[in-house]
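Asker: File follows, query_6.cif with mmCIF, C-alpha atoms:
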```
data_run
#
loop_
_atom_site.label_atom_id
_atom_site.label_comp_id
_atom_site.auth_asym_id
_atom_site.auth_seq_id
_atom_site.Cartn_x
_atom_site.Cartn_y
_atom_site.Cartn_z
CA MET A 1 -26.32 93.37 -59.85
CA THR A 2 -28.44 92.41 -56.84
CA GLU A 3 -27.19 93.97 -53.61
CA GLY A 4 -24.87 91.66 -51.69
CA LEU A 5 -24.24 89.32 -54.65
CA ASN A 6 -20.78 90.63 -55.48
CA PRO A 7 -18.51 87.98 -57.05
CA GLU A 8 -15.45 89.67 -55.56
CA THR A 9 -16.63 88.57 -52.11
CA LEU A 10 -16.78 84.89 -53.07
CA GLU A 11 -14.46 82.46 -51.31
CA GLU A 12 -13.94 78.78 -52.05
CA PRO A 13 -15.20 76.19 -51.36
CA PHE A 14 -18.53 77.58 -50.09
CA SER A 15 -18.49 80.66 -52.26
CA LEU A 16 -22.17 81.41 -52.80
CA PRO A 17 -23.52 84.43 -50.90
CA PRO A 18 -26.08 83.29 -48.28
CA ASN A 19 -28.65 85.92 -49.27
CA LEU A 20 -28.97 84.14 -52.62
CA ALA A 21 -31.10 81.64 -50.70
CA ARG A 22 -33.70 84.38 -50.10
CA LEU A 23 -34.23 84.65 -53.83
CA MET A 24 -34.53 80.90 -54.30
CA ARG A 25 -36.68 79.81 -51.36
CA PRO A 26 -39.99 81.32 -52.61
CA GLU A 27 -39.51 79.35 -55.84
CA LEU A 28 -39.40 75.94 -54.14
CA PRO A 29 -43.13 75.01 -54.12
CA SER A 30 -43.66 75.71 -57.81
CA LEU A 31 -40.25 74.27 -58.69
CA THR A 32 -41.16 71.05 -56.86
CA ASN A 33 -44.35 70.73 -58.90
CA GLU A 34 -42.49 71.43 -62.15
CA ILE A 35 -39.81 68.81 -61.43
CA ILE A 36 -42.39 66.18 -60.45
CA ALA A 37 -44.45 66.84 -63.57
CA GLN A 38 -41.38 66.53 -65.82
CA ILE A 39 -40.21 63.31 -64.14
CA ARG A 40 -43.64 61.72 -64.47
CA ARG A 41 -43.84 62.69 -68.14
CA SER A 42 -40.37 61.35 -68.91
CA ILE A 43 -40.07 58.17 -66.82
CA PRO A 44 -42.79 55.50 -67.09
CA GLU A 45 -41.98 53.96 -63.67
CA TYR A 46 -42.92 57.24 -61.98
CA ALA A 47 -46.00 58.00 -64.11
CA ARG A 48 -48.33 56.68 -61.46
CA PRO A 49 -51.10 58.39 -59.40
CA ILE A 50 -49.50 61.19 -57.42
CA GLU A 51 -51.60 60.20 -54.37
CA GLY A 52 -50.11 56.67 -54.36
CA PRO A 53 -46.87 55.40 -52.80
CA TYR A 54 -44.69 56.37 -55.78
CA GLY A 55 -46.19 59.82 -55.98
CA GLN A 56 -45.79 60.49 -52.27
CA THR A 57 -42.22 59.22 -52.28
CA LEU A 58 -41.38 61.33 -55.32
CA ARG A 59 -42.82 64.51 -53.84
CA LEU A 60 -41.12 64.07 -50.47
CA GLY A 61 -37.78 63.29 -52.13
CA VAL A 62 -37.89 66.40 -54.34
CA GLU A 63 -39.04 68.64 -51.48
CA ARG A 64 -36.28 67.47 -49.12
CA ALA A 65 -33.57 67.67 -51.78
CA LEU A 66 -34.46 71.23 -52.83
CA SER A 67 -34.93 72.45 -49.26
CA ALA A 68 -31.58 71.01 -48.16
CA PHE A 69 -29.81 72.59 -51.15
CA VAL A 70 -31.17 76.05 -50.38
CA ASP A 71 -30.34 75.54 -46.68
CA GLN A 72 -26.72 74.86 -47.62
CA ILE A 73 -26.55 78.05 -49.66
CA SER A 74 -27.93 80.03 -46.71
CA GLY A 75 -25.26 78.56 -44.45
CA ALA A 76 -27.66 76.32 -42.49
CA THR A 77 -27.06 72.61 -42.20
CA GLY A 78 -30.75 71.67 -42.47
CA ASP A 79 -31.99 68.15 -41.90
CA LEU A 80 -29.25 66.40 -43.89
CA GLU A 81 -29.60 63.15 -41.98
CA ARG A 82 -33.20 62.70 -43.09
CA ARG A 83 -32.34 63.74 -46.63
CA ASP A 84 -29.46 61.26 -46.79
CA GLU A 85 -31.59 58.47 -45.34
CA LEU A 86 -34.36 59.11 -47.85
CA CYS A 87 -31.90 59.00 -50.77
CA ARG A 88 -30.53 55.68 -49.54
CA ARG A 89 -34.05 54.36 -49.09
CA LEU A 90 -34.89 55.33 -52.66
CA GLY A 91 -31.95 53.24 -53.85
CA GLN A 92 -32.98 50.35 -51.61
CA PHE A 93 -36.51 50.51 -52.96
CA GLU A 94 -35.31 50.23 -56.55
CA ALA A 95 -33.30 47.14 -55.61
CA GLN A 96 -36.24 45.59 -53.74
CA GLU A 97 -38.44 46.16 -56.79
CA GLY A 98 -35.91 44.29 -58.94
CA ARG A 99 -35.00 47.29 -61.10
CA SER A 100 -31.71 48.92 -62.01
CA LEU A 101 -30.87 52.45 -60.87
CA ASP A 102 -31.36 53.85 -64.38
CA SER A 103 -34.79 55.35 -63.73
CA LEU A 104 -33.80 56.93 -60.43
CA GLN A 105 -30.59 58.36 -61.88
CA ALA A 106 -32.59 59.74 -64.81
CA ALA A 107 -34.99 61.36 -62.33
CA TYR A 108 -32.04 63.07 -60.62
CA ARG A 109 -30.80 64.39 -63.97
CA ILE A 110 -34.23 65.71 -64.89
CA GLY A 111 -34.50 67.42 -61.51
CA ALA A 112 -31.14 69.10 -62.03
CA GLN A 113 -32.09 70.29 -65.53
CA VAL A 114 -35.42 71.77 -64.43
CA ALA A 115 -33.81 73.39 -61.40
CA TRP A 116 -31.06 74.86 -63.59
CA ARG A 117 -33.62 76.44 -65.91
CA ARG A 118 -35.27 78.05 -62.90
CA VAL A 119 -31.91 79.31 -61.63
CA MET A 120 -31.29 81.01 -64.96
CA LYS A 121 -34.67 82.75 -64.73
CA ILE A 122 -33.93 83.91 -61.19
CA GLY A 123 -30.53 85.19 -62.25
CA SER A 124 -32.02 87.17 -65.11
CA ARG A 125 -34.85 88.54 -62.96
CA TYR A 126 -32.55 89.82 -60.20
CA ASN A 127 -29.50 90.67 -62.33
CA VAL A 128 -27.30 88.11 -60.59
CA SER A 129 -23.78 88.16 -61.99
CA ALA A 130 -22.56 85.49 -64.42
CA ALA A 131 -19.82 84.55 -61.95
CA ILE A 132 -22.33 83.72 -59.25
CA ILE A 133 -24.55 81.80 -61.69
CA SER A 134 -21.53 79.76 -62.75
CA LYS A 135 -20.66 78.97 -59.13
CA LEU A 136 -24.27 78.02 -58.46
CA ALA A 137 -24.29 75.67 -61.45
CA ASP A 138 -21.22 73.87 -60.10
CA ARG A 139 -22.81 73.52 -56.69
CA LEU A 140 -26.11 72.29 -58.11
CA PHE A 141 -24.67 69.54 -60.29
CA ASN A 142 -22.22 68.46 -57.58
CA TYR A 143 -25.18 68.29 -55.22
CA ILE A 144 -27.10 66.03 -57.60
CA ASP A 145 -24.05 63.77 -57.86
CA GLU A 146 -24.03 63.59 -54.06
CA LEU A 147 -27.68 62.52 -53.96
CA SER A 148 -27.08 59.92 -56.67
CA SER A 149 -24.16 58.50 -54.69
CA LEU A 150 -26.32 58.15 -51.59
CA SER A 151 -28.97 56.27 -53.57
CA LEU A 152 -26.24 54.02 -55.00
CA GLU A 153 -25.12 53.22 -51.44
CA GLY A 154 -28.65 52.18 -50.53
CA TYR A 155 -29.02 50.19 -53.74
CA LEU A 156 -25.83 48.21 -53.21
CA GLU A 157 -26.67 47.65 -49.54
CA ALA A 158 -30.08 46.21 -50.45
CA LYS A 159 -28.54 44.04 -53.19
CA ALA A 160 -26.08 42.57 -50.69
CA ARG A 161 -28.92 41.34 -48.46
CA PRO A 162 -31.15 38.35 -49.13
CA ALA A 163 -34.39 39.71 -50.59
CA GLY A 164 -36.85 40.61 -47.84
CA ALA A 165 -34.81 38.91 -45.11
CA LEU A 166 -34.25 42.00 -42.97
CA GLU A 167 -37.85 43.16 -43.37
CA GLU A 168 -39.13 39.74 -42.30
CA ARG A 169 -36.82 39.69 -39.24
CA ARG A 170 -38.12 43.09 -38.23
CA ARG A 171 -41.71 41.98 -38.65
CA ARG A 172 -40.98 38.97 -36.41
CA LEU A 173 -39.32 41.28 -33.91
CA LEU A 174 -42.41 43.49 -33.74
CA ARG A 175 -44.62 40.49 -33.13
CA LEU A 176 -42.26 39.33 -30.40
CA ILE A 177 -42.37 42.75 -28.70
CA LEU A 178 -46.19 42.69 -28.73
CA ALA A 179 -46.53 39.07 -27.63
CA ARG A 180 -48.49 38.28 -24.47
CA PRO A 181 -47.37 36.88 -22.11
CA ALA A 182 -44.31 39.08 -22.48
CA VAL A 183 -41.19 37.60 -24.05
CA PRO A 184 -37.96 37.81 -21.95
CA GLU A 185 -35.80 40.84 -22.77
CA PRO A 186 -32.75 38.76 -23.84
CA ALA A 187 -34.82 37.10 -26.58
CA ILE A 188 -35.94 40.48 -27.89
CA ALA A 189 -32.40 41.84 -27.72
CA GLU A 190 -31.06 38.85 -29.68
CA LEU A 191 -33.58 39.16 -32.50
CA ALA A 192 -33.15 42.95 -32.52
CA HIS A 193 -29.43 42.42 -33.12
CA PHE A 194 -30.08 40.23 -36.17
CA ALA A 195 -32.74 42.68 -37.37
CA GLU A 196 -30.20 45.54 -37.13
CA TRP A 197 -32.58 47.48 -34.87
CA PRO A 198 -31.30 49.49 -31.86
CA VAL A 199 -33.55 48.67 -28.91
CA PRO A 200 -35.10 51.91 -27.53
CA GLU A 201 -36.24 52.54 -23.97
CA LYS A 202 -39.53 54.16 -25.03
CA VAL A 203 -41.86 53.45 -27.95
CA THR A 204 -45.12 54.77 -29.38
CA MET A 205 -47.55 52.48 -31.19
CA VAL A 206 -49.72 53.63 -34.09
CA ALA A 207 -52.89 51.82 -35.18
CA MET A 208 -53.97 51.84 -38.84
CA PRO A 209 -57.20 50.68 -40.50
CA SER A 210 -57.34 47.36 -42.29
CA GLY A 211 -55.66 47.50 -45.68
CA ALA A 212 -53.50 50.54 -44.90
CA GLN A 213 -50.20 50.47 -46.79
CA PRO A 214 -47.49 52.90 -45.65
CA VAL A 215 -45.00 54.16 -48.24
CA ARG A 216 -41.92 52.16 -47.21
CA THR A 217 -39.40 54.58 -48.64
CA ILE A 218 -40.81 57.42 -46.54
CA LEU A 219 -40.93 55.56 -43.22
CA ASP A 220 -37.88 56.25 -41.07
CA GLU A 221 -35.36 53.41 -41.03
CA ASP A 222 -36.01 52.54 -37.36
CA ILE A 223 -39.79 52.17 -37.73
CA LEU A 224 -41.14 48.65 -37.23
CA TYR A 225 -44.40 47.91 -39.01
CA ASP A 226 -46.66 45.05 -39.94
CA GLN A 227 -49.16 45.86 -42.67
CA THR A 228 -49.89 42.15 -43.18
CA ALA A 229 -51.78 41.91 -39.88
CA ASP A 230 -55.58 42.01 -39.79
CA GLU A 231 -55.18 45.27 -37.85
CA PRO A 232 -52.04 46.94 -39.31
CA HIS A 233 -49.81 48.86 -36.96
CA LEU A 234 -46.36 50.32 -36.60
CA LEU A 235 -43.90 51.04 -33.80
CA VAL A 236 -42.13 54.37 -33.48
CA PRO A 237 -39.05 54.43 -31.22
CA GLY A 238 -39.41 57.23 -28.68
CA PRO A 239 -42.17 59.87 -28.68
CA LEU A 240 -43.97 61.09 -31.76
CA ASP A 241 -42.28 64.47 -32.21
CA GLU A 242 -42.91 66.93 -35.04
CA SER A 243 -40.52 65.26 -37.47
CA ARG A 244 -42.09 61.86 -36.82
CA ARG A 245 -45.56 63.33 -37.36
CA ALA A 246 -44.48 64.80 -40.68
CA MET A 247 -43.10 61.40 -41.64
CA LEU A 248 -46.42 59.70 -40.84
CA ASP A 249 -48.34 62.35 -42.78
CA ALA A 250 -46.21 61.66 -45.85
CA ALA A 251 -46.05 57.87 -45.51
CA LEU A 252 -49.77 57.41 -44.81
CA PRO A 253 -51.56 60.27 -46.58
CA GLN A 254 -55.33 60.47 -46.18
CA THR A 255 -55.28 57.49 -43.79
CA ARG A 256 -57.05 57.67 -40.45
CA LEU A 257 -54.58 56.84 -37.67
CA ALA A 258 -54.58 56.57 -33.89
CA VAL A 259 -51.42 57.19 -31.87
CA GLY A 260 -51.00 55.35 -28.58
CA LEU A 261 -49.18 56.59 -25.51
CA THR A 262 -45.38 56.67 -25.33
CA VAL A 263 -44.44 53.83 -22.99
CA ASP A 264 -41.57 51.54 -22.01
CA LEU A 265 -40.82 48.92 -24.65
CA ALA A 266 -42.29 46.21 -22.40
CA GLN A 267 -45.65 48.06 -22.47
CA ALA A 268 -45.86 48.37 -26.26
CA ALA A 269 -48.85 46.00 -26.36
CA ASP A 270 -50.76 48.33 -24.03
CA SER A 271 -49.97 51.34 -26.23
CA LEU A 272 -51.26 49.46 -29.27
CA ARG A 273 -54.40 48.32 -27.44
CA TRP A 274 -55.22 51.92 -26.51
CA ALA A 275 -54.47 53.10 -30.03
CA ARG A 276 -56.79 50.49 -31.53
CA GLN A 277 -59.54 51.47 -29.10
CA ALA A 278 -59.09 55.14 -30.01
CA LEU A 279 -59.17 54.32 -33.73
CA ASP A 280 -62.42 52.39 -33.26
CA LEU A 281 -63.98 55.28 -31.31
CA ALA A 282 -62.86 57.75 -33.98
CA VAL A 283 -64.39 55.63 -36.75
CA ARG A 284 -67.65 55.35 -34.79
CA GLY A 285 -67.76 59.10 -34.22
CA VAL A 286 -67.34 59.08 -30.43
CA ILE A 287 -64.03 60.92 -30.86
CA ASP A 288 -63.98 63.58 -33.55
CA GLU A 289 -60.46 64.92 -33.94
CA GLY A 290 -59.64 64.73 -37.63
CA ARG A 291 -57.43 62.24 -39.42
CA ILE A 292 -55.01 61.47 -36.57
CA THR A 293 -56.27 60.73 -33.06
CA TYR A 294 -53.87 60.98 -30.12
CA CYS A 295 -54.67 58.81 -27.11
CA HIS A 296 -53.15 61.29 -24.67
CA ASP A 297 -55.97 63.72 -25.51
CA HIS A 298 -58.71 61.19 -24.67
CA LEU A 299 -57.55 59.19 -21.66
CA LEU A 300 -60.79 59.60 -19.70
CA THR A 301 -62.92 58.58 -22.67
CA LEU A 302 -60.75 55.52 -23.30
CA TRP A 303 -61.04 54.49 -19.66
CA LEU A 304 -64.81 55.03 -19.46
CA LEU A 305 -65.46 53.00 -22.62
CA ALA A 306 -62.85 50.29 -22.05
CA ASP A 307 -65.39 47.74 -20.74
CA PRO A 308 -68.96 48.46 -21.92
CA ALA A 309 -70.34 45.25 -20.38
CA LEU A 310 -69.05 46.26 -16.94
CA VAL A 311 -70.59 49.72 -17.34
CA ASP A 312 -73.91 48.03 -18.15
CA GLN A 313 -73.68 46.00 -14.94
CA LEU A 314 -72.88 49.13 -12.95
CA ALA A 315 -75.83 50.94 -14.57
CA ARG A 316 -78.21 48.17 -13.47
CA ARG A 317 -77.00 48.40 -9.89
CA ARG A 318 -76.91 52.19 -9.60
CA LEU A 319 -79.82 53.24 -11.83
CA GLY A 320 -82.00 50.15 -11.87
CA ALA A 321 -84.64 51.89 -9.75
CA MET A 322 -85.42 54.11 -12.73
CA GLN A 323 -86.60 51.15 -14.81
CA ALA A 324 -90.22 51.68 -13.76
CA LEU A 325 -90.25 55.11 -15.47
CA THR A 326 -91.17 55.67 -19.07
CA VAL A 327 -88.38 56.20 -21.61
CA ASN A 328 -89.12 59.94 -21.83
CA GLN A 329 -89.12 60.31 -18.05
CA ARG A 330 -85.78 58.51 -17.78
CA GLU A 331 -84.23 60.65 -20.48
CA ARG A 332 -85.34 63.91 -18.84
CA LEU A 333 -84.23 62.87 -15.37
CA THR A 334 -80.86 61.50 -16.45
CA GLU A 335 -80.13 64.61 -18.50
CA THR A 336 -80.82 66.74 -15.42
CA LEU A 337 -78.80 64.43 -13.17
CA ARG A 338 -75.82 64.36 -15.53
CA THR A 339 -75.81 68.15 -15.77
CA TRP A 340 -76.10 68.56 -12.01
CA LEU A 341 -73.27 66.11 -11.27
CA ALA A 342 -71.03 67.69 -13.93
CA THR A 343 -71.60 71.32 -12.92
CA ARG A 344 -72.76 71.21 -9.27
CA GLY A 345 -74.66 74.30 -10.30
CA THR A 346 -77.74 75.93 -8.81
CA ALA A 347 -81.22 75.21 -10.12
CA ALA A 348 -81.10 78.46 -12.08
CA GLN A 349 -77.73 77.58 -13.68
CA ILE A 350 -78.87 74.07 -14.60
CA ALA A 351 -82.13 75.41 -15.98
CA GLU A 352 -80.22 77.83 -18.19
CA GLN A 353 -78.13 75.00 -19.64
CA LEU A 354 -81.12 72.75 -20.23
CA HIS A 355 -83.40 75.57 -21.41
CA ILE A 356 -86.09 74.78 -18.84
CA HIS A 357 -87.59 76.58 -15.82
CA PRO A 358 -85.65 76.47 -12.49
CA GLN A 359 -88.75 75.09 -10.79
CA THR A 360 -88.66 72.16 -13.22
CA VAL A 361 -85.07 71.47 -12.21
CA ARG A 362 -86.01 71.48 -8.51
CA TYR A 363 -88.86 69.08 -9.18
CA ARG A 364 -86.60 66.71 -11.09
CA ILE A 365 -83.90 66.77 -8.40
CA ARG A 366 -86.49 65.90 -5.73
CA LYS A 367 -87.74 63.09 -7.93
CA LEU A 368 -84.20 61.76 -8.39
CA GLU A 369 -83.58 61.86 -4.63
CA GLN A 370 -86.75 59.81 -4.10
CA ILE A 371 -85.77 57.22 -6.73
CA LEU A 372 -82.05 56.91 -6.01
CA GLY A 373 -82.26 57.25 -2.24
CA ASP A 374 -79.03 57.98 -0.37
CA GLN A 375 -76.79 57.43 -3.43
CA LEU A 376 -76.60 61.16 -4.17
CA ASN A 377 -75.43 61.86 -0.60
CA ASP A 378 -72.74 59.16 -0.54
CA PRO A 379 -69.49 60.28 -2.28
CA ASP A 380 -68.56 56.82 -3.58
CA ALA A 381 -72.06 56.05 -4.84
CA ARG A 382 -72.38 59.51 -6.40
CA PHE A 383 -69.06 59.01 -8.21
CA ALA A 384 -70.23 55.63 -9.54
CA VAL A 385 -73.46 57.20 -10.83
CA GLU A 386 -71.48 59.96 -12.54
CA VAL A 387 -69.16 57.41 -14.19
CA VAL A 388 -72.15 55.46 -15.51
CA LEU A 389 -73.88 58.55 -16.88
CA ARG A 390 -70.74 59.85 -18.54
CA SER A 391 -69.96 56.45 -20.10
CA LEU A 392 -73.47 55.98 -21.44
CA TRP A 393 -73.54 59.53 -22.81
CA LEU A 394 -70.28 58.92 -24.68
CA ARG A 395 -71.59 55.66 -26.07
CA GLU A 396 -74.87 57.24 -27.20
CA ARG A 397 -72.97 59.90 -29.18
CA THR A 398 -72.50 57.34 -31.95
CA GLY A 399 -76.25 57.28 -32.52
CA ARG A 400 -76.15 53.50 -32.30
CA ASP A 401 -77.15 52.99 -28.68
CA HIS A 402 -80.68 54.26 -28.14
CA ARG A 403 -81.75 51.82 -25.45
CA GLY A 404 -82.77 53.09 -22.04
CA MET A 405 -79.97 52.73 -19.54
CA CYS A 406 -82.00 50.44 -17.33
CA ASP A 407 -82.81 48.10 -20.23
CA ARG A 408 -79.21 46.97 -20.49
#
```
Could you take the file, read its structure, and then write that structure out as structure tokens?
Answerer:
Amino acid sequence: MTEGLNPETLEEPFSLPPNLARLMRPELPSLTNEIIAQIRRSIPEYARPIEGPYGQTLRLGVERALSAFVDQISGATGDLERRDELCRRLGQFEAQEGRSLDSLQAAYRIGAQVAWRRVMKIGSRYNVSAAIISKLADRLFNYIDELSSLSLEGYLEAKARPAGALEERRRRLLRLILARPAVPEPAIAELAHFAEWPVPEKVTMVAMPSGAQPVRTILDEDILYDQTADEPHLLVPGPLDESRRAMLDAALPQTRLAVGLTVDLAQAADSLRWARQALDLAVRGVIDEGRITYCHDHLLTLWLLADPALVDQLARRRLGAMQALTVNQRERLTETLRTWLATRGTAAQIAEQLHIHPQTVRYRIRKLEQILGDQLNDPDARFAVEVVLRSLWLRERTGRDHRGMCDR
């Protein structure tokens, strides 16, 4: 018998030894895949692409259910609230799709059967006593009944509502929150009451590309979203913590997203505006951060590129004197000027960065002083020149803006 798995030490009602969880936890990834494969083979409604909404929902549901079960055996509470909410959402989804609970209940039974076969293998491999295996079987099938009951709750709750009414109220609420000019707080509070949505102090907006479709059953219950808009988006109450990020990863797999700043509810439209700008910059290649872009990591870039037309006007006023130069001359001088303003380095340091001779740097600086006059000696004018150069450099990173700065 495995050390520490002595049936004489078992006490009801939580009689399984916690160190049994150590034997089970390494099995979870492969067990998840086995359960999903069996469900998809056995139930036509779930035999859909695993990358799609059904597949993502199925995987997340199995992962959370198995993880929570092993957590209970180990004595930890785990994230039961999220597990319970997902089970209820699964039931709600079946009702919204106009189906009975038969398929979902069958999926639970299949999951229990596959898990039980794995338990028997573990017991045999580690010489776990028959008494412990029997106790574990009781716990497993009681656990599956608990999950089924939660899904039934969600199913009956969805059936009791007019079809789509709550979802439509929440979509209207989101539009009201984002409306400009701002809608009075009492109006938002009234609609939030009918939409069964607790009004938060802080929110975070997330921008999605056109056509993005989040998996509804995976989204947390308090998420507001509008995928029918030309530019889909969703509202997350509070900051985007780790659990919220995991939720977004599962609900919108392989979808490029941009996360706005966490702001007061009244500033939600600003958060969405910044998120949309960040998403556009990410798509164009100005920001290269992977699938999810966070505005808080790119505030300066967002500010510098917020009004390209105004930057063009500023460039004409601050750098217009360079228009008489050839394109190659302008490019060499502006590269030197940008490096000098960014580093405030010596001629030797700048030369090393640009891979040219220090004497060439000195010549270019003298030429810039002749062309730009006192601008490089005036702090305000020098700052304006640096803003222009930085903005134009960011814009040119897309490879789409090859015009000389003075031709704008």
Asker: What gap, in Å, lies between CA of Ala192 in chain A and CA of Leu261 in chain A?
Answerer: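 Computing it gives 22.2 Å between the two atoms.
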Asker: Suppose a student applies the PyMOL selection byres ((chain A and resi 260) around 9) to this structure; what residues should they get, written as a list of chain:residue names?
Answerer: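 What the PyMOL selection byres ((chain A and resi 260) around 9) grabs from the file is A:Thr204, A:Met205, A:Val206, A:Ala207, A:Ala258, A:Val259, A:Leu261, A:Thr262, A:Val263, A:Ala268, A:Asp270, A:Ser271, A:Leu272, A:Arg273, A:Trp274, A:Ala275, A:Arg276, A:Ala278, A:Thr293, A:Tyr294, A:Cys295, A:His296.
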Asker: Give as a PDB file with C-alpha atoms, keeping the file's coordinate frame the residues that the PyMOL selection byres ((chain A and resi 235) around 8) matches when applied to the coordinates above.
Answerer:
```
ATOM      1  CA  LEU A 174     -42.410  43.490 -33.740  1.00  0.00           C
ATOM      2  CA  VAL A 203     -41.860  53.450 -27.950  1.00  0.00           C
ATOM      3  CA  THR A 204     -45.120  54.770 -29.380  1.00  0.00           C
ATOM      4  CA  MET A 205     -47.550  52.480 -31.190  1.00  0.00           C
ATOM      5  CA  VAL A 206     -49.720  53.630 -34.090  1.00  0.00           C
ATOM      6  CA  ILE A 223     -39.790  52.170 -37.730  1.00  0.00           C
ATOM      7  CA  LEU A 224     -41.140  48.650 -37.230  1.00  0.00           C
ATOM      8  CA  TYR A 225     -44.400  47.910 -39.010  1.00  0.00           C
ATOM      9  CA  HIS A 233     -49.810  48.860 -36.960  1.00  0.00           C
ATOM     10  CA  LEU A 234     -46.360  50.320 -36.600  1.00  0.00           C
ATOM     11  CA  VAL A 236     -42.130  54.370 -33.480  1.00  0.00           C
ATOM     12  CA  PRO A 237     -39.050  54.430 -31.220  1.00  0.00           C
TER      13      PRO A 237
END
```
Asker: Box along x, y and z, 8 Å on every side, all listed atoms of range 215-225 of chain A inside: centre and edge lengths in Å to one decimal, as JSON.
Answerer:
```
{"center_x": -40.2, "center_y": 52.7, "center_z": -42.9, "size_x": 25.6, "size_y": 25.5, "size_z": 27.4}
```
Asker: Show me, as a VMD selection string, the residues that have an atom within 9 Å of Gln359 in chain A when counting only C-alpha atoms, minus same-chain residues fewer than 4 positions from it.
Answerer: chain A and resid 347 to 348 351 363 to 364
Asker: Could you pull the residues within 12 Å of range 374-379 of chain A, counting all atoms listed in the file, minus those fewer than 5 positions along the same chain, as a list in words?
Answerer: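 These residues fall inside the cut-off: Arg317, Arg318, Leu319, Ala321, Leu337, Arg338, Trp340, Leu341, Arg344, Ile365, Arg366, Lys367, Leu368, Glu369, Ala384, Val385 and Glu386 of chain A.
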Asker: Measure the distance from CA of Ile122 in chain A to CA of Ala21 in chain A in Å and round it to one decimal.
Answerer: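 Result for CA of Ile122 in chain A versus CA of Ala21 in chain A: 11.1 Å, one decimal.
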Asker: What separation in Å, quoted to one decimal, exists between CA of Asp249 in chain A and CA of Pro209 in chain A?
Answerer: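 Straight-line distance from CA of Asp249 in chain A to CA of Pro209 in chain A works out to 14.8 Å.
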Asker: Identify all residues satisfying the PyMOL selection byres ((chain A and resi 185-189) around 9) in the given file; provide them as a ChimeraX atom specification.
Answerer: /A:173,176-177,182-184,190-194,198-199,266
Asker: Generate the output file for the selected residues, C-alpha atoms, as a PDB file, keeping the file's coordinate frame.
Answerer:
```
ATOM      1  CA  LEU A 173     -39.320  41.280 -33.910  1.00  0.00           C
ATOM      2  CA  LEU A 176     -42.260  39.330 -30.400  1.00  0.00           C
ATOM      3  CA  ILE A 177     -42.370  42.750 -28.700  1.00  0.00           C
ATOM      4  CA  ALA A 182     -44.310  39.080 -22.480  1.00  0.00           C
ATOM      5  CA  VAL A 183     -41.190  37.600 -24.050  1.00  0.00           C
ATOM      6  CA  PRO A 184     -37.960  37.810 -21.950  1.00  0.00           C
ATOM      7  CA  GLU A 190     -31.060  38.850 -29.680  1.00  0.00           C
ATOM      8  CA  LEU A 191     -33.580  39.160 -32.500  1.00  0.00           C
ATOM      9  CA  ALA A 192     -33.150  42.950 -32.520  1.00  0.00           C
ATOM     10  CA  HIS A 193     -29.430  42.420 -33.120  1.00  0.00           C
ATOM     11  CA  PHE A 194     -30.080  40.230 -36.170  1.00  0.00           C
ATOM     12  CA  PRO A 198     -31.300  49.490 -31.860  1.00  0.00           C
ATOM     13  CA  VAL A 199     -33.550  48.670 -28.910  1.00  0.00           C
ATOM     14  CA  ALA A 266     -42.290  46.210 -22.400  1.00  0.00           C
TER      15      ALA A 266
END
```
Asker: Find the residues around Ser391 in chain A up to 12 Å (all atoms listed in the file counted), leave out those fewer than 2 positions away in its own chain, and share them as a ChimeraX atom specification.
Answerer: /A:286,300-312,314-315,338,384-389,393-397,401,405
Asker: Counting all atoms listed in the file, note down every residue that has an atom within 6 Å of the point (-85.1, 55.2, -8.8) (file coordinates), as a PyMOL selection string.
Answerer: chain A and resi 321-322+371-372
Asker: For Leu58 in chain A, which of A:Val215, A:Ile356, A:Val327, A:Leu20 is the closest residue, counting all atoms listed in the file?
Answerer: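 Residue with the minimum atom-to-atom distance to Leu58 in chain A: A:Val215.
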